[in-house]
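Have a look at structure_1.txt; it's compact mmCIF, C-alpha atoms and all ligand atoms:
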```txt
# COMPACT_ATOMS: atom_id res chain seq x y z
CA MET A 1 106.83 117.81 123.74
CA ASP A 2 106.57 114.73 125.98
CA LEU A 3 108.70 111.69 125.15
CA ILE A 4 107.46 108.18 125.89
CA HIS A 5 110.00 105.34 125.91
CA PRO A 6 108.12 102.05 126.37
CA ARG A 7 110.13 98.90 127.14
CA THR A 8 107.31 96.43 126.67
CA ALA A 9 104.09 96.09 124.66
CA ALA A 10 102.22 96.51 127.98
CA ASP A 11 103.95 99.90 128.44
CA VAL A 12 102.76 100.89 124.94
CA ALA A 13 99.21 99.81 125.79
CA ASP A 14 99.27 101.81 129.06
CA ALA A 15 100.58 104.91 127.28
CA LEU A 16 97.95 104.76 124.53
CA ARG A 17 95.11 104.07 126.96
CA GLU A 18 96.17 107.14 128.91
CA ALA A 19 96.48 109.19 125.71
CA SER A 20 93.01 108.16 124.56
CA THR A 21 91.51 109.14 127.91
CA SER A 22 93.30 112.49 128.15
CA GLY A 23 93.22 113.35 124.44
CA ARG A 24 97.04 113.56 124.28
CA ARG A 25 98.03 113.33 120.58
CA VAL A 26 100.87 110.91 119.91
CA LEU A 27 103.35 110.43 117.06
CA VAL A 28 105.00 107.01 116.85
CA VAL A 29 108.72 107.33 116.11
CA GLY A 30 111.16 104.59 115.06
CA GLY A 31 114.46 105.57 113.45
CA ARG A 32 112.99 108.92 112.23
CA ARG A 33 114.24 108.29 108.69
CA HIS A 34 110.84 108.63 107.02
CA ILE A 35 108.96 110.77 109.48
CA ASP A 36 107.84 113.35 106.85
CA LYS A 37 105.72 110.81 104.97
CA GLY A 38 102.00 111.63 105.21
CA ASN A 39 100.51 114.95 106.22
CA PRO A 40 102.28 116.88 108.99
CA SER A 41 100.63 116.16 112.31
CA GLY A 42 100.64 118.41 115.38
CA VAL A 43 101.17 116.20 118.44
CA ASP A 44 101.71 116.53 122.19
CA ALA A 45 103.99 113.51 122.64
CA GLU A 46 106.32 111.21 120.72
CA LEU A 47 106.33 107.50 121.50
CA TRP A 48 109.78 106.12 120.64
CA THR A 49 109.91 102.42 119.87
CA THR A 50 113.69 102.08 119.97
CA GLN A 51 113.82 100.35 123.34
CA LEU A 52 111.60 97.59 122.03
CA ASP A 53 114.57 96.10 120.23
CA GLY A 54 114.86 92.46 121.32
CA VAL A 55 115.03 89.25 119.30
CA VAL A 56 112.19 86.99 120.42
CA ALA A 57 113.07 83.97 118.25
CA TYR A 58 115.25 83.08 115.30
CA GLU A 59 115.12 79.70 113.62
CA PRO A 60 117.43 79.82 110.57
CA ALA A 61 116.23 76.40 109.42
CA GLU A 62 112.62 77.67 109.47
CA MET A 63 113.66 80.88 107.62
CA LEU A 64 111.72 82.83 110.24
CA THR A 65 112.57 85.38 112.88
CA VAL A 66 110.43 87.14 115.49
CA VAL A 67 111.70 90.53 116.60
CA GLN A 68 110.43 93.54 118.45
CA ALA A 69 109.48 96.42 116.20
CA GLY A 70 112.09 98.89 117.44
CA MET A 71 114.98 96.70 116.34
CA ARG A 72 117.30 98.58 113.97
CA CYS A 73 117.69 97.24 110.45
CA ASP A 74 121.50 97.01 110.69
CA ALA A 75 121.29 94.84 113.84
CA LEU A 76 118.74 92.54 112.21
CA GLY A 77 120.80 92.37 109.01
CA ALA A 78 123.97 91.42 110.94
CA MET A 79 122.18 88.66 112.87
CA LEU A 80 120.70 87.14 109.72
CA ALA A 81 123.90 87.45 107.66
CA GLU A 82 125.69 85.19 110.17
CA HIS A 83 123.39 82.45 108.90
CA GLY A 84 123.58 83.44 105.23
CA GLN A 85 120.11 85.03 105.30
CA GLU A 86 118.51 88.45 104.87
CA TRP A 87 115.28 90.35 105.43
CA PRO A 88 115.10 92.13 102.08
CA ALA A 89 114.28 95.65 103.26
CA ASP A 90 117.41 97.49 102.09
CA ALA A 91 116.41 100.32 104.43
CA PRO A 92 118.87 102.73 106.09
CA PRO A 93 120.85 101.04 108.91
CA GLU A 94 119.23 103.20 111.62
CA ALA A 95 115.69 102.53 110.42
CA THR A 96 113.61 100.26 112.63
CA VAL A 97 111.77 97.16 111.49
CA GLY A 98 108.43 98.65 112.63
CA GLY A 99 109.16 101.97 110.90
CA VAL A 100 109.96 100.29 107.61
CA ILE A 101 106.73 98.28 107.74
CA ALA A 102 104.56 101.17 108.95
CA SER A 103 105.90 103.50 106.25
CA GLY A 104 105.04 100.99 103.53
CA SER A 105 108.62 100.95 102.23
CA SER A 106 109.94 98.15 100.09
CA SER A 107 113.28 97.27 98.58
CA ALA A 108 114.31 98.55 95.16
CA ARG A 109 114.92 94.81 94.46
CA ARG A 110 111.22 94.09 94.75
CA MET A 111 110.86 92.60 91.26
CA ARG A 112 112.72 89.65 92.78
CA VAL A 113 112.01 89.83 96.51
CA GLY A 114 108.42 91.13 96.39
CA PRO A 115 106.78 93.77 98.57
CA LEU A 116 108.07 93.82 102.11
CA ARG A 117 104.63 93.51 103.71
CA ASP A 118 104.43 89.97 102.28
CA THR A 119 107.32 88.97 104.55
CA VAL A 120 105.31 89.85 107.68
CA VAL A 121 103.48 86.69 108.73
CA GLU A 122 102.48 87.68 112.24
CA MET A 123 102.18 90.96 114.09
CA GLU A 124 101.58 92.16 117.62
CA PHE A 125 100.00 95.56 117.54
CA VAL A 126 98.57 98.02 120.10
CA THR A 127 95.53 99.99 118.90
CA GLY A 128 95.13 103.71 119.57
CA ASP A 129 92.93 102.96 122.58
CA GLY A 130 95.43 100.53 124.08
CA ARG A 131 94.16 97.08 123.00
CA LEU A 132 96.94 94.57 122.40
CA VAL A 133 96.02 92.47 119.34
CA ARG A 134 97.78 89.78 117.36
CA SER A 135 97.29 88.99 113.70
CA GLY A 136 98.59 86.21 111.43
CA ALA A 137 100.58 83.19 112.55
CA ARG A 138 104.14 81.92 112.48
CA THR A 139 103.11 78.93 110.43
CA VAL A 140 101.46 80.01 107.23
CA LYS A 141 98.93 77.14 107.31
CA ASN A 142 97.56 78.31 110.63
CA VAL A 143 96.16 81.65 109.59
CA THR A 144 92.58 82.61 110.50
CA GLY A 145 90.90 85.97 111.04
CA TYR A 146 91.58 89.33 109.46
CA ASP A 147 95.00 90.22 108.06
CA LEU A 148 95.48 93.18 110.38
CA HIS A 149 99.22 92.97 109.79
CA ARG A 150 98.63 93.90 106.14
CA LEU A 151 96.47 96.81 107.17
CA ALA A 152 99.18 98.05 109.54
CA ALA A 153 101.76 97.99 106.73
CA GLY A 154 101.82 101.53 105.34
CA SER A 155 99.49 102.93 108.01
CA LEU A 156 102.11 105.47 109.17
CA GLY A 157 101.39 104.95 112.85
CA THR A 158 97.82 106.21 112.48
CA LEU A 159 96.02 102.99 113.50
CA GLY A 160 98.28 101.68 116.26
CA VAL A 161 101.80 100.82 117.31
CA ILE A 162 103.47 97.73 115.88
CA THR A 163 105.32 96.14 118.79
CA GLN A 164 106.48 92.78 117.41
CA VAL A 165 106.60 91.00 114.06
CA ALA A 166 107.38 87.53 112.73
CA LEU A 167 109.26 87.85 109.46
CA LYS A 168 109.95 85.40 106.67
CA VAL A 169 113.61 85.72 105.72
CA ARG A 170 115.44 84.51 102.61
CA PRO A 171 118.85 83.12 101.73
CA LEU A 172 121.43 85.67 100.65
CA PRO A 173 121.98 85.27 96.90
CA GLU A 174 125.04 83.28 95.80
CA ARG A 175 125.98 86.10 93.44
CA ARG A 176 124.93 89.71 92.90
CA LEU A 177 125.79 92.05 90.07
CA THR A 178 124.90 95.64 89.20
CA LEU A 179 125.01 96.68 85.56
CA THR A 180 125.12 100.43 84.93
CA ALA A 181 124.47 101.87 81.48
CA PRO A 182 123.98 105.33 80.03
CA GLY A 183 120.27 105.66 79.34
CA ASP A 184 116.89 106.78 80.53
CA LEU A 185 113.53 105.54 81.77
CA PRO A 186 112.36 104.18 78.38
CA LEU A 187 115.51 101.99 78.24
CA ALA A 188 114.94 100.90 81.85
CA THR A 189 111.32 100.05 81.02
CA ALA A 190 112.43 97.92 78.06
CA ILE A 191 114.94 96.06 80.26
CA ALA A 192 112.37 95.49 83.03
CA SER A 193 109.88 94.02 80.56
CA GLU A 194 112.42 91.80 78.77
CA VAL A 195 114.56 90.67 81.71
CA THR A 196 111.74 89.87 84.07
CA LEU A 197 113.97 87.95 86.50
CA ALA A 198 116.06 91.06 87.23
CA ALA A 199 115.88 92.06 90.91
CA GLY A 200 115.41 95.74 90.11
CA VAL A 201 115.81 98.30 87.34
CA VAL A 202 116.29 101.91 88.41
CA ALA A 203 116.45 104.83 85.98
CA THR A 204 117.78 108.25 86.81
CA THR A 205 117.97 111.19 84.43
CA ASP A 206 120.97 109.84 82.54
CA ALA A 207 121.71 106.30 83.75
CA VAL A 208 120.09 102.92 84.21
CA GLU A 209 121.13 100.54 86.99
CA VAL A 210 120.08 96.91 86.83
CA ARG A 211 120.47 94.59 89.79
CA LEU A 212 120.82 90.89 89.14
CA GLU A 213 121.10 88.18 91.76
CA GLY A 214 120.77 84.46 92.18
CA TRP A 215 122.91 81.45 91.25
CA ALA A 216 126.12 82.34 89.39
CA GLY A 217 125.05 80.77 86.08
CA GLU A 218 121.65 82.46 86.23
CA VAL A 219 123.25 85.87 86.85
CA ASP A 220 125.56 85.38 83.84
CA GLU A 221 122.58 84.59 81.60
CA LEU A 222 120.60 87.59 82.84
CA ALA A 223 123.65 89.86 82.42
CA ALA A 224 123.96 88.74 78.79
CA ALA A 225 120.29 89.58 78.22
CA VAL A 226 120.73 93.06 79.74
CA THR A 227 123.87 93.69 77.69
CA ARG A 228 122.01 92.89 74.49
CA LEU A 229 119.60 95.72 75.29
CA ALA A 230 122.22 98.08 76.76
CA PRO A 231 125.58 97.23 75.15
CA ALA A 232 127.47 99.96 77.05
CA SER A 233 126.72 98.39 80.46
CA THR A 234 129.43 98.21 83.10
CA PRO A 235 129.18 95.28 85.57
CA GLU A 236 130.16 95.76 89.23
CA ASP A 237 129.66 93.93 92.50
CA LEU A 238 128.10 96.66 94.65
CA PRO A 239 126.65 96.01 98.10
CA SER A 240 123.84 98.55 97.93
CA PHE A 241 121.24 98.99 95.23
CA PRO A 242 120.73 101.49 93.83
CA ARG A 243 124.16 103.06 94.28
CA ALA A 244 122.65 106.30 95.68
CA PRO A 245 119.20 105.50 97.12
CA TRP A 246 116.77 108.44 97.12
CA TRP A 247 116.79 108.67 100.89
CA THR A 248 120.52 109.47 100.81
CA TRP A 249 120.13 112.34 98.32
CA PRO A 250 121.89 115.34 99.85
CA GLY A 251 120.26 118.64 100.73
CA ASP A 252 116.76 119.26 101.89
CA ALA A 253 114.97 119.46 98.55
CA THR A 254 111.40 118.25 98.62
CA ILE A 255 110.95 114.68 97.34
CA ALA A 256 107.60 113.38 96.08
CA GLU A 257 106.86 109.69 95.61
CA VAL A 258 104.98 109.04 92.38
CA ALA A 259 102.82 105.92 92.24
CA VAL A 260 101.16 105.08 88.92
CA ALA A 261 100.65 102.05 86.70
CA PRO A 262 104.11 101.00 85.41
CA SER A 263 103.14 101.79 81.82
CA ARG A 264 102.31 105.42 82.75
CA LEU A 265 105.54 106.17 84.62
CA VAL A 266 107.50 107.51 81.64
CA GLY A 267 104.82 110.10 80.87
CA VAL A 268 104.65 111.36 84.45
CA VAL A 269 108.35 111.45 85.28
CA SER A 270 110.46 111.90 82.14
CA ALA A 271 110.03 115.69 81.97
CA THR A 272 111.42 116.21 85.51
CA THR A 273 115.04 117.11 86.23
CA THR A 274 115.97 114.87 89.16
CA TYR A 275 114.32 111.54 89.63
CA ALA A 276 114.89 107.87 90.35
CA ALA A 277 112.28 105.56 88.89
CA LEU A 278 111.67 101.87 89.54
CA ALA A 279 110.89 100.56 86.06
CA GLY A 280 108.37 97.74 85.94
CA VAL A 281 107.00 98.74 89.34
CA GLY A 282 105.44 102.16 88.75
CA LEU A 283 107.15 104.10 91.50
CA ALA A 284 109.48 107.09 91.25
CA TRP A 285 111.04 109.59 93.63
CA VAL A 286 111.17 113.07 92.16
CA VAL A 287 112.79 116.26 93.44
CA ALA A 288 110.32 119.16 93.31
CA ALA A 289 112.29 122.42 93.38
CA ASN A 290 109.24 124.54 94.26
CA GLU A 291 105.46 124.44 94.71
CA ASP A 292 104.80 124.96 91.00
CA GLU A 293 106.90 121.92 90.07
CA LEU A 294 105.20 119.88 92.77
CA GLY A 295 101.75 120.97 91.58
CA GLU A 296 102.57 120.13 87.96
CA LEU A 297 103.94 116.71 88.95
CA ARG A 298 100.82 115.99 90.96
CA ARG A 299 98.56 116.98 88.09
CA ARG A 300 100.43 114.64 85.71
CA ALA A 301 100.27 111.82 88.26
CA GLU A 302 96.55 112.38 88.77
CA ARG A 303 95.87 112.41 85.01
CA ALA A 304 97.70 109.07 84.84
CA GLY A 305 95.45 107.70 87.60
CA GLY A 306 98.09 107.90 90.34
CA ILE A 307 99.29 110.06 93.22
CA ALA A 308 102.45 111.93 94.21
CA PRO A 309 102.60 112.53 97.97
CA VAL A 310 105.62 114.30 99.42
CA VAL A 311 107.80 111.90 101.41
CA ARG A 312 110.61 114.28 102.35
CA GLY A 313 110.00 117.91 103.17
CA PRO A 314 106.77 119.92 103.33
CA GLY A 315 103.74 119.27 101.13
CA GLY A 316 102.21 116.14 102.65
CA LEU A 317 99.49 114.42 100.70
CA GLY A 318 98.29 117.55 98.91
CA SER A 319 94.64 117.42 97.92
CA ALA A 320 94.79 113.87 96.59
CA ASP A 321 91.45 112.52 95.52
CA VAL A 322 91.11 109.49 97.78
CA ARG A 323 89.11 106.49 96.70
CA GLY A 324 87.65 104.56 99.61
CA ALA A 325 88.17 107.43 102.06
CA ASP A 326 85.01 106.40 103.88
CA VAL A 327 86.41 102.93 104.56
CA LEU A 328 89.66 104.46 105.77
CA ARG A 329 87.72 106.74 108.12
CA ARG A 330 85.78 103.83 109.57
CA LEU A 331 89.00 101.90 110.12
CA LYS A 332 90.51 104.91 111.86
CA ARG A 333 87.46 105.17 114.14
CA SER A 334 87.63 101.48 115.11
CA PHE A 335 91.36 101.40 115.73
CA ASP A 336 91.84 104.85 117.22
CA PRO A 337 88.42 106.03 118.44
CA ALA A 338 89.80 109.06 120.32
CA HIS A 339 91.78 110.09 117.21
CA VAL A 340 95.02 110.57 119.13
CA LEU A 341 97.47 108.81 116.79
CA ALA A 342 99.05 111.37 114.42
CA PRO A 343 95.77 113.17 113.72
CA GLY A 344 95.65 114.62 110.20
CA ARG A 345 98.45 112.42 108.90
CA SER A 346 96.61 109.77 106.95
CA LEU A 347 94.47 109.67 103.82
CA ALA A 348 91.52 109.05 106.14
CA ASP A 349 91.76 112.66 107.30
CA LEU A 350 91.62 114.25 103.85
CA PRO A 351 88.33 115.84 102.79
CA GLN A 352 86.18 113.35 100.92
CA THR A 353 85.67 114.19 97.26
CA ARG A 354 84.50 110.87 95.83
C1 LIG B 401 112.28 110.16 100.59
C2 LIG B 401 112.48 108.82 101.19
C3 LIG B 401 112.16 107.69 100.45
C4 LIG B 401 112.39 106.42 100.96
N1 LIG B 401 112.08 105.36 100.21
C5 LIG B 401 112.35 104.13 100.69
C6 LIG B 401 112.09 102.97 99.91
O1 LIG B 401 111.59 103.07 98.80
N2 LIG B 401 112.43 101.76 100.39
C7 LIG B 401 113.02 101.66 101.62
O2 LIG B 401 113.32 100.54 102.03
N3 LIG B 401 113.26 102.72 102.37
C8 LIG B 401 112.95 103.95 101.95
N4 LIG B 401 113.21 105.02 102.70
C9 LIG B 401 113.93 104.80 103.91
C10 LIG B 401 113.00 104.83 105.11
O3 LIG B 401 113.55 105.85 105.83
C11 LIG B 401 112.94 103.50 105.82
O4 LIG B 401 112.58 102.47 104.96
C12 LIG B 401 111.94 103.44 106.97
O5 LIG B 401 110.67 103.81 106.55
C13 LIG B 401 112.30 104.31 108.06
O6 LIG B 401 112.11 103.62 109.25
P1 LIG B 401 112.17 104.42 110.57
O7 LIG B 401 112.29 103.45 111.68
O8 LIG B 401 113.19 105.50 110.49
O9 LIG B 401 110.70 105.06 110.59
P2 LIG B 401 110.24 106.49 111.11
O10 LIG B 401 110.74 107.55 110.20
O11 LIG B 401 110.55 106.65 112.55
O12 LIG B 401 108.66 106.33 110.94
C14 LIG B 401 108.08 106.20 109.68
C15 LIG B 401 106.55 106.16 109.84
O13 LIG B 401 106.15 104.96 110.50
C16 LIG B 401 105.53 105.22 111.76
N5 LIG B 401 106.07 104.23 112.70
C17 LIG B 401 107.37 104.06 113.04
N6 LIG B 401 107.50 102.98 113.84
C18 LIG B 401 106.24 102.48 114.02
C19 LIG B 401 105.70 101.36 114.74
N7 LIG B 401 106.48 100.54 115.47
N8 LIG B 401 104.37 101.15 114.70
C20 LIG B 401 103.55 101.96 113.97
N9 LIG B 401 104.00 103.03 113.27
C21 LIG B 401 105.33 103.27 113.29
C22 LIG B 401 105.86 106.66 112.09
O14 LIG B 401 104.84 107.29 112.84
C23 LIG B 401 106.00 107.29 110.70
O15 LIG B 401 104.73 107.65 110.19
C24 LIG B 401 112.95 106.28 102.25
C25 LIG B 401 113.24 107.43 102.99
C26 LIG B 401 112.98 108.68 102.48
C27 LIG B 401 113.31 109.89 103.31
```

Could you rewrite the structure in this file as structure tokens?
Amino acid sequence: MDLIHPRTAADVADALREASTSGRRVLVVGGRRHIDKGNPSGVDAELWTTQLDGVVAYEPAEMLTVVQAGMRCDALGAMLAEHGQEWPADAPPEATVGGVIASGSSSARRMRVGPLRDTVVEMEFVTGDGRLVRSGARTVKNVTGYDLHRLAAGSLGTLGVITQVALKVRPLPERRLTLTAPGDLPLATAIASEVTLAAGVVATTDAVEVRLEGWAGEVDELAAAVTRLAPASTPEDLPSFPRAPWWTWPGDATIAEVAVAPSRLVGVVSATTTYAALAGVGLAWVVAANEDELGELRRRAERAGGIAPVVRGPGGLGSADVRGADVLRRLKRSFDPAHVLAPGRSLADLPQTR
């Protein structure tokens, strides 16, 4: 396996141009914390982004920072915290900014902070055949052209390499509070629909964790609303939310990520033994002990109009029925005409059934 360690976007462009000419298949690697997501892909080389880790600009007053995509999330978090700000990714410390965006991850606090891709206002990106393109703008009013940066979010390194991003950042909340109560997903769903200003509501098999943040008085009011619905709640000031994020679950059990309409989540997930579900959002991470459990979960997700790809361990995308596969294929052809970026990994490579 060849390793490519670019130091500049031009190095990335050279490497991908060469790969497209020679047919060398390339996997883009950031912090390697989410590398199982998507179908497994046989490759000849890994392109590591971790030396593209500089800060290009940071204007706290503008609530904007421009960083290279290989910057680690802990380094970015420390820089922003010095100015009372954050990029609300809540990703593992070793994860890279580009990896978080490319894997389509978002914070469990997204009821409050929104999806992470909305924080990306500008992107520098190298296509599979080595073209350096830029999308978006640092000032929101200045945007013209296609939102390629939105397309790159969640593309799992199959369309190109993100080399630099401009990110909107936000002030750290004055106060944060986690309320933990005995309960289940139906309770979490009730809390998420009543306390709509909560930052996040996570249900596991036997507990519900609610994250509140904002001004002190606001947090007190929200906490009172949660306690009315879950009187046995215990309040704590915890730095991370949820207390044990799914990516820190021990062992190597297979984890599938269920995505369905929020109202269908209970039906898909409640019967499983180990899960963490984001109430009000329609996402859940479920341990599948074996292929039968995975198959059953996928069937329930499909009946509910959703999907359940594996995001840790073997299993990939399964035989998901992909809407718009033809559009995805055309995008893949335009961005990576030689098909060298993680071939087989994306939905575009699944057999078309609709
Ligand atoms: C089961 C599981 C669930 C998770 N769920 C969440 C979650 O809900 N929210 C959350 O915040 N975090 C989640 N994470 C944490 C996740 O590891 C990080 O958010 C992040 O995706 C990892 O970044 P990384 O740099 O390690 O990416 P990597 O693991 O190195 O790469 C992830 C994907 O992005 C591609 N890629 C990496 N860098 C680039 C780039 N510069 N340009 C183009 N493509 C690139 C890779 O090819 C790969 O397909 C989860 C992790 C796991 C294992």

Site check for ligand LIG 401 (chain B): residues at most 6 Å away, all atoms listed in the file, as JSON, numbers by chain: {"A": [27, 28, 29, 30, 31, 32, 33, 34, 35, 49, 69, 89, 90, 91, 92, 95, 96, 98, 99, 100, 102, 103, 105, 106, 107, 156, 157, 160, 161, 162, 163, 246, 247, 255, 311, 312]}

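Of the listed residues A:Pro231, A:Gly305, A:Gly130, A:Gly324, the one whose atoms come nearest to Leu179 of chain A is A:Pro231, with distances taken using only C-alpha atoms.
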
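Restricting the calculation to all atoms listed in the file, the smallest distance between Arg17 of chain A and any of A:Ser240, A:Thr127, A:Thr234, A:Gln164 is found for A:Thr127.
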
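Compared by their closest atoms to Val340 of chain A, and using only C-alpha atoms, the residues A:Gly136, A:Gly128, A:Pro245, A:Gly251 rank with A:Gly128 nearest.
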
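Closest approach to Leu177 of chain A among A:Asp220, A:Glu291, A:Glu236, A:Asp336: A:Glu236, based on all atoms listed in the file.
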
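Coordinates place atom CA of Thr196 of chain A at a distance of 10.4 Å from atom CA of Ala225 of chain A.
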
Best match for closeness to Val67 of chain A among A:Ser270, A:Glu46, A:Val219, A:Glu122, counting only C-alpha atoms: A:Glu122

Among the residues A:Pro88, A:Pro6, A:Gly267, A:Pro186, the one that comes closest to Val120 of chain A [using all atoms listed in the file]: A:Pro88

Residues within 9 Å of Val113 of chain A, all atoms listed in the file, excluding chain neighbours under 2 positions, as a list in words: Pro88, Ser107, Arg109, Arg110, Met111, Pro115, Leu116, Arg170 and Ala199 of chain A

Near-Ala137 of chain A list (12 Å; all atoms listed in the file; drop same-chain fewer than 5 positions) as a count of residues only: 20

Sel. within 12 Å of pt (110.3, 117.0, 98.9), counting all atoms listed in the file, output as a ChimeraX atom specification: /A:34,36-38,246-247,249-258,274-275,285-291,293-295,297,308-317

Write the selection just made, keeping C-alpha atoms, as an mmCIF file, keeping the file's coordinate frame?
```cif
data_model
loop_
_atom_site.group_PDB
_atom_site.id
_atom_site.type_symbol
_atom_site.label_atom_id
_atom_site.label_comp_id
_atom_site.auth_asym_id
_atom_site.auth_seq_id
_atom_site.Cartn_x
_atom_site.Cartn_y
_atom_site.Cartn_z
ATOM 1 C CA HIS A 34 110.840 108.630 107.020
ATOM 2 C CA ASP A 36 107.840 113.350 106.850
ATOM 3 C CA LYS A 37 105.720 110.810 104.970
ATOM 4 C CA GLY A 38 102.000 111.630 105.210
ATOM 5 C CA TRP A 246 116.770 108.440 97.120
ATOM 6 C CA TRP A 247 116.790 108.670 100.890
ATOM 7 C CA TRP A 249 120.130 112.340 98.320
ATOM 8 C CA PRO A 250 121.890 115.340 99.850
ATOM 9 C CA GLY A 251 120.260 118.640 100.730
ATOM 10 C CA ASP A 252 116.760 119.260 101.890
ATOM 11 C CA ALA A 253 114.970 119.460 98.550
ATOM 12 C CA THR A 254 111.400 118.250 98.620
ATOM 13 C CA ILE A 255 110.950 114.680 97.340
ATOM 14 C CA ALA A 256 107.600 113.380 96.080
ATOM 15 C CA GLU A 257 106.860 109.690 95.610
ATOM 16 C CA VAL A 258 104.980 109.040 92.380
ATOM 17 C CA THR A 274 115.970 114.870 89.160
ATOM 18 C CA TYR A 275 114.320 111.540 89.630
ATOM 19 C CA TRP A 285 111.040 109.590 93.630
ATOM 20 C CA VAL A 286 111.170 113.070 92.160
ATOM 21 C CA VAL A 287 112.790 116.260 93.440
ATOM 22 C CA ALA A 288 110.320 119.160 93.310
ATOM 23 C CA ALA A 289 112.290 122.420 93.380
ATOM 24 C CA ASN A 290 109.240 124.540 94.260
ATOM 25 C CA GLU A 291 105.460 124.440 94.710
ATOM 26 C CA GLU A 293 106.900 121.920 90.070
ATOM 27 C CA LEU A 294 105.200 119.880 92.770
ATOM 28 C CA GLY A 295 101.750 120.970 91.580
ATOM 29 C CA LEU A 297 103.940 116.710 88.950
ATOM 30 C CA ALA A 308 102.450 111.930 94.210
ATOM 31 C CA PRO A 309 102.600 112.530 97.970
ATOM 32 C CA VAL A 310 105.620 114.300 99.420
ATOM 33 C CA VAL A 311 107.800 111.900 101.410
ATOM 34 C CA ARG A 312 110.610 114.280 102.350
ATOM 35 C CA GLY A 313 110.000 117.910 103.170
ATOM 36 C CA PRO A 314 106.770 119.920 103.330
ATOM 37 C CA GLY A 315 103.740 119.270 101.130
ATOM 38 C CA GLY A 316 102.210 116.140 102.650
ATOM 39 C CA LEU A 317 99.490 114.420 100.700
#
```

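Across the model, the gap from atom CA of Ala108 of chain A to atom CA of Gly214 of chain A is 15.8 Å.
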
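Rounded to one decimal, atom CA of Val12 of chain A and atom CA of Gln51 of chain A lie 11.2 Å from each other.
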
Within 10 Å of Pro235 of chain A using all atoms listed in the file, minus same-chain residues under 4 positions, as a PDB file with C-alpha atoms, in the coordinates of the input:
```
ATOM      1  CA  LEU A 177     125.790  92.050  90.070  1.00  0.00           C
ATOM      2  CA  THR A 178     124.900  95.640  89.200  1.00  0.00           C
ATOM      3  CA  LEU A 179     125.010  96.680  85.560  1.00  0.00           C
ATOM      4  CA  THR A 180     125.120 100.430  84.930  1.00  0.00           C
ATOM      5  CA  ALA A 181     124.470 101.870  81.480  1.00  0.00           C
ATOM      6  CA  GLU A 209     121.130 100.540  86.990  1.00  0.00           C
ATOM      7  CA  VAL A 210     120.080  96.910  86.830  1.00  0.00           C
ATOM      8  CA  ARG A 211     120.470  94.590  89.790  1.00  0.00           C
ATOM      9  CA  ALA A 223     123.650  89.860  82.420  1.00  0.00           C
ATOM     10  CA  THR A 227     123.870  93.690  77.690  1.00  0.00           C
TER      11      THR A 227
END
```

Residue list as a PyMOL selection string for point (116.1, 103.1, 88.3), cut-off 6 Å, all atoms listed in the file: chain A and resi 201-204+208-209+276-278

Name the residues in contact with Ile4 of chain A at a cut-off of 8 Å, using only C-alpha atoms, excluding same-chain residues fewer than 6 positions from it; report them as a PDB file with C-alpha atoms, in the coordinates of the input.
```pdb
ATOM      1  CA  ALA A  15     100.580 104.910 127.280  1.00  0.00           C
ATOM      2  CA  ALA A  45     103.990 113.510 122.640  1.00  0.00           C
ATOM      3  CA  GLU A  46     106.320 111.210 120.720  1.00  0.00           C
ATOM      4  CA  LEU A  47     106.330 107.500 121.500  1.00  0.00           C
ATOM      5  CA  TRP A  48     109.780 106.120 120.640  1.00  0.00           C
TER       6      TRP A  48
END
```

Who sits within 8 Å of Ser41 of chain A, all atoms listed in the file, same chain under 3 positions skipped, as a PyMOL selection string: chain A and resi 27+342-345

Filled-in N, CA and C atoms of segment 174-182 of chain A, supplied as an mmCIF file, keeping the file's coordinate frame:
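Saved file part_13.cif follows:
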```cif
data_model
loop_
_atom_site.group_PDB
_atom_site.id
_atom_site.type_symbol
_atom_site.label_atom_id
_atom_site.label_comp_id
_atom_site.auth_asym_id
_atom_site.auth_seq_id
_atom_site.Cartn_x
_atom_site.Cartn_y
_atom_site.Cartn_z
ATOM 1 N N GLU A 174 123.658 83.759 95.994
ATOM 2 C CA GLU A 174 125.040 83.280 95.800
ATOM 3 C C GLU A 174 125.864 84.375 95.123
ATOM 4 N N ARG A 175 125.248 85.067 94.174
ATOM 5 C CA ARG A 175 125.980 86.100 93.440
ATOM 6 C C ARG A 175 125.083 87.302 93.211
ATOM 7 N N ARG A 176 125.678 88.499 93.236
ATOM 8 C CA ARG A 176 124.930 89.710 92.900
ATOM 9 C C ARG A 176 125.762 90.529 91.936
ATOM 10 N N LEU A 177 125.076 91.265 91.079
ATOM 11 C CA LEU A 177 125.790 92.050 90.070
ATOM 12 C C LEU A 177 124.941 93.276 89.748
ATOM 13 N N THR A 178 125.609 94.439 89.660
ATOM 14 C CA THR A 178 124.900 95.640 89.200
ATOM 15 C C THR A 178 125.468 96.041 87.853
ATOM 16 N N LEU A 179 124.593 96.203 86.875
ATOM 17 C CA LEU A 179 125.010 96.680 85.560
ATOM 18 C C LEU A 179 124.551 98.127 85.414
ATOM 19 N N THR A 180 125.489 99.010 85.088
ATOM 20 C CA THR A 180 125.120 100.430 84.930
ATOM 21 C C THR A 180 125.354 100.816 83.479
ATOM 22 N N ALA A 181 124.367 101.485 82.896
ATOM 23 C CA ALA A 181 124.470 101.870 81.480
ATOM 24 C C ALA A 181 123.990 103.302 81.313
ATOM 25 N N PRO A 182 124.576 104.034 80.350
ATOM 26 C CA PRO A 182 123.980 105.330 80.030
ATOM 27 C C PRO A 182 122.590 105.081 79.471
#
```
